[in-house]
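Take a look at the structure below.
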Amino acid sequence: EEEGTATMAVLTEAPAPVRAPATAPRRRVTTPRWWRDAVGAATWASMLVVVALWVAGGGLQAMGTAGGALTSLGRITGLVAADLLLVQVLLMARIPVVERSYGQDELARRHRLVGFWSFSLMLAHLVLIAAGYAVTAGINPFVQFWEMVVDYPGMLLATAGTALIVMVALTSLRRARRKLRYESWHLLHLYAYLGVGLAIPHMLWTGQEFLASPVATAYWWTLWIAAAGSILVWRVGVPLVRSLVHDVRVERVVREGPDVVSVVMSGRGLDRLPMSAGQFMNWRFLSGPGWTRAHPYSLSAAPTDTTLRVTVKDLGDGSHALASVRPGARVLFEGPYGRLHAGVRTRRGVTLVASGIGISPLRALLEDLDQRPGEVTLLYRARSEADLVLRGEIERLAARTGARVYYLVGRRIAGRHSWLPEAAAHLSDEQALLALVPDIAAHDVFVCGATGWMDAVEKAALAAGVPAANIHTERFSW
């Protein structure tokens, strides 16, 4: 084991001045765990309501003939698809209680899952409705579909909306996302809102289940208003008001390495923001072209009453432009988001595991965590010594707090999916983790880095006895 941990020395240099803490303890915003269950139950309940309204509207009775059965099935698939589409919007509307209950990683996963079923049911709706009407009328299904598009009220708009949703679904596939820049993908993804909006007239003009009864009408209008209102309030209104009230501006840009910069920002009354070290925000730096596109960057230092800081690696157009952002430039922000903060901590022992620029939020957590000497351990994976970003700050924080810091430096282990460097190839992932943190099963584990690397860390932590509920992650993927 000594050979495997030779590059993982504990840092114990003398204390040195570090970033000044906030003048008063920051308010930690937490959400009871039962809210997570409540949100999930509400999603299932919404689908049960839709099915109940379909049954009450004669959905089962209409299935006496082949054409009636196909048409009725087409209606229920369309209704559930519409319901899931609105649930999808609500999941990513940044509603605080939902975001804090799940975190962006889990919300993004559920958003994709709900989107898959909504998209599949929408296609089934189109096929079944066209087939049902064609069987009833005794004509070709393709002719029937064409007549529906050109003759039925709102169907041309719905067809355009469907085409936009299909485009969004196809560009959201993993293989397609890899070929797109984040900025391009994000812009295309916004067309989903337009697609949903174009579908509304069709649903209200030709969807008999939407107007079949006062209860159905009230339910659907409530759901539409809730979805639209959540977007307007939490994605537009609140971020804009906060940005104007707190007047955040770039104070300076610090070069941390050949392709890494830190942006220090100042503002007023930042202590009133419900944010914690380790969380991320969506930032817009008003300093040139591209400011309309928001970019998610984590806080890399504990926030103070007047300052915020992000540390960013050059990975694309947005991050590349940060190196030349001008001091004094106004900053618009949305957030904070994410569950990678001290508020989710349940145990005194904490292990922070970072790779590459994933050190940003964990460096902030290292500063912010309430800790006694030896309670917090940081494992920092990098390809070379030169890639250890913020190393000086980390070592000063370790000296001040008594945290244990291990550097895992070196190339990847060839032919093996592992979170370890080549020097530890003779150890299993679990063995190495237990060698560095023998009591890790009694720790909360915070992980941040590349997606595949994080998967390997999580697998090792689970094998070492860490409960899944005590593994907290933030993924740099989209």
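How things are named: the first chain in the structure tokens is A, the next is B, and so on; residues count from 1 in each chain; ligands count from 1 in the order shown.
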Legend entry - All residues 10 Å or closer to stretch 104-120 of chain A, only C-alpha atoms, same chain fewer than 6 positions away omitted, as a PyMOL selection string: chain A and resi 77-92+94+98+162+165-166+169+172-173+280+337-340+472-478
Legend entry - Within 8 Å of A:Ser298 using only C-alpha atoms, minus same-chain residues under 6 positions, as a VMD selection string: chain A and resid 278 to 281 310 to 311 360 to 361
Inset, instruction - Pick out the residues sitting within 10 Å of stretch 411-414 of chain A, and hand them over as a list in words; count only C-alpha atoms, and ignore anything fewer than 3 positions along from it in its own chain. - result: Arg381, Ala382, Arg383, Ser384, Leu408, His417, Ser418, Trp419, Leu420, Pro421, Glu422, Ala423, Ala424, Ala425 and His426 of chain A
Any chance you could tabulate, as JSON lines, the residues of stretch 401-467 of chain A at most 10 Å from stretch 343-354 of chain A with each one's nearest atom pair and distance in Å to one decimal, using only C-alpha atoms, in chain and rising number order?
{"residue": "A:Ala403", "atom": "CA", "partner": "A:Val350", "partner_atom": "CA", "distance": 9.8}
{"residue": "A:Arg404", "atom": "CA", "partner": "A:Thr351", "partner_atom": "CA", "distance": 9.4}
{"residue": "A:Val405", "atom": "CA", "partner": "A:Leu352", "partner_atom": "CA", "distance": 9.3}
{"residue": "A:Tyr406", "atom": "CA", "partner": "A:Val353", "partner_atom": "CA", "distance": 9.7}
{"residue": "A:Tyr407", "atom": "CA", "partner": "A:Ala354", "partner_atom": "CA", "distance": 9.8}
{"residue": "A:Leu408", "atom": "CA", "partner": "A:Ala354", "partner_atom": "CA", "distance": 9.9}
{"residue": "A:Trp419", "atom": "CA", "partner": "A:Val353", "partner_atom": "CA", "distance": 9.9}
{"residue": "A:Val437", "atom": "CA", "partner": "A:Thr351", "partner_atom": "CA", "distance": 8.0}
{"residue": "A:Asp439", "atom": "CA", "partner": "A:Gly349", "partner_atom": "CA", "distance": 8.5}
{"residue": "A:Ile440", "atom": "CA", "partner": "A:Thr351", "partner_atom": "CA", "distance": 7.2}
{"residue": "A:Ala441", "atom": "CA", "partner": "A:Gly349", "partner_atom": "CA", "distance": 9.4}
{"residue": "A:Ala442", "atom": "CA", "partner": "A:Gly349", "partner_atom": "CA", "distance": 6.6}
{"residue": "A:His443", "atom": "CA", "partner": "A:Gly349", "partner_atom": "CA", "distance": 4.5}
{"residue": "A:Asp444", "atom": "CA", "partner": "A:Val350", "partner_atom": "CA", "distance": 4.8}
{"residue": "A:Val445", "atom": "CA", "partner": "A:Thr351", "partner_atom": "CA", "distance": 4.8}
{"residue": "A:Phe446", "atom": "CA", "partner": "A:Leu352", "partner_atom": "CA", "distance": 4.9}
{"residue": "A:Val447", "atom": "CA", "partner": "A:Val353", "partner_atom": "CA", "distance": 4.8}
{"residue": "A:Cys448", "atom": "CA", "partner": "A:Ala354", "partner_atom": "CA", "distance": 5.1}
{"residue": "A:Gly449", "atom": "CA", "partner": "A:Ala354", "partner_atom": "CA", "distance": 5.8}
{"residue": "A:Ala450", "atom": "CA", "partner": "A:Ala354", "partner_atom": "CA", "distance": 9.2}
{"residue": "A:Trp453", "atom": "CA", "partner": "A:Ala354", "partner_atom": "CA", "distance": 9.6}
{"residue": "A:Met454", "atom": "CA", "partner": "A:Ala354", "partner_atom": "CA", "distance": 8.7}
{"residue": "A:Val457", "atom": "CA", "partner": "A:Val353", "partner_atom": "CA", "distance": 8.0}
{"residue": "A:Glu458", "atom": "CA", "partner": "A:Val353", "partner_atom": "CA", "distance": 10.0}
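Around A:Asp247, within 8 Å and counting only C-alpha atoms, the residues found are Gly267, Arg268, Arg330 and Val331 of chain A, once anything fewer than 5 positions away on its own chain is removed.
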Just-selected residues, N, CA and C atoms written as a PDB file, in the first residue's frame:
ATOM      1  N   GLY A 267     -20.604  42.403  -4.685  1.00  0.00           N
ATOM      2  CA  GLY A 267     -21.997  42.837  -4.738  1.00  0.00           C
ATOM      3  C   GLY A 267     -22.422  43.342  -3.383  1.00  0.00           C
ATOM      4  N   ARG A 268     -23.669  43.687  -3.269  1.00  0.00           N
ATOM      5  CA  ARG A 268     -24.168  44.201  -2.001  1.00  0.00           C
ATOM      6  C   ARG A 268     -25.216  43.253  -1.416  1.00  0.00           C
ATOM      7  N   ARG A 330     -21.138  43.948 -15.380  1.00  0.00           N
ATOM      8  CA  ARG A 330     -22.275  43.480 -14.595  1.00  0.00           C
ATOM      9  C   ARG A 330     -22.470  41.978 -14.807  1.00  0.00           C
ATOM     10  N   VAL A 331     -22.960  41.314 -13.766  1.00  0.00           N
ATOM     11  CA  VAL A 331     -23.183  39.869 -13.818  1.00  0.00           C
ATOM     12  C   VAL A 331     -24.634  39.571 -13.468  1.00  0.00           C
TER      13      VAL A 331
END
Legend entry - Point-to-point distance in Å for atom CA of A:Gln371 and atom CA of A:Thr401: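 Between atom CA of A:Thr401 and atom CA of A:Gln371 the gap works out to 7.0 Å.
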Legend entry - Among the residues A:Ala435, A:Gly67, A:Tyr191, A:Gln144, the one that comes closest to A:Gly132 [using only C-alpha atoms]: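 Of A:Ala435, A:Gly67, A:Tyr191, A:Gln144, the one nearest A:Gly132 is A:Gly67, counting only C-alpha atoms.
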Inset, instruction - Could you check which of A:Val250, A:Tyr380, A:Asp368, A:Phe333 is closest to A:Ala302, using only C-alpha atoms? - result: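 So, comparing all the options, the nearest one is A:Asp368.
Remark: for A:Ala163, the closest of the candidate residues A:Leu240, A:Ala192, A:Ser324, A:Phe145 is A:Ala192 (distances computed over only C-alpha atoms).
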Inset, instruction - Enumerate the residues of stretch 262-462 of chain A with a DSSP assignment of strand (DSSP E), computed from the backbone, and present them as a PyMOL selection string. - result: chain A and resi 262-266+280-285+295-298+307-313+331-337+349-355+376-382+404-409+443-449
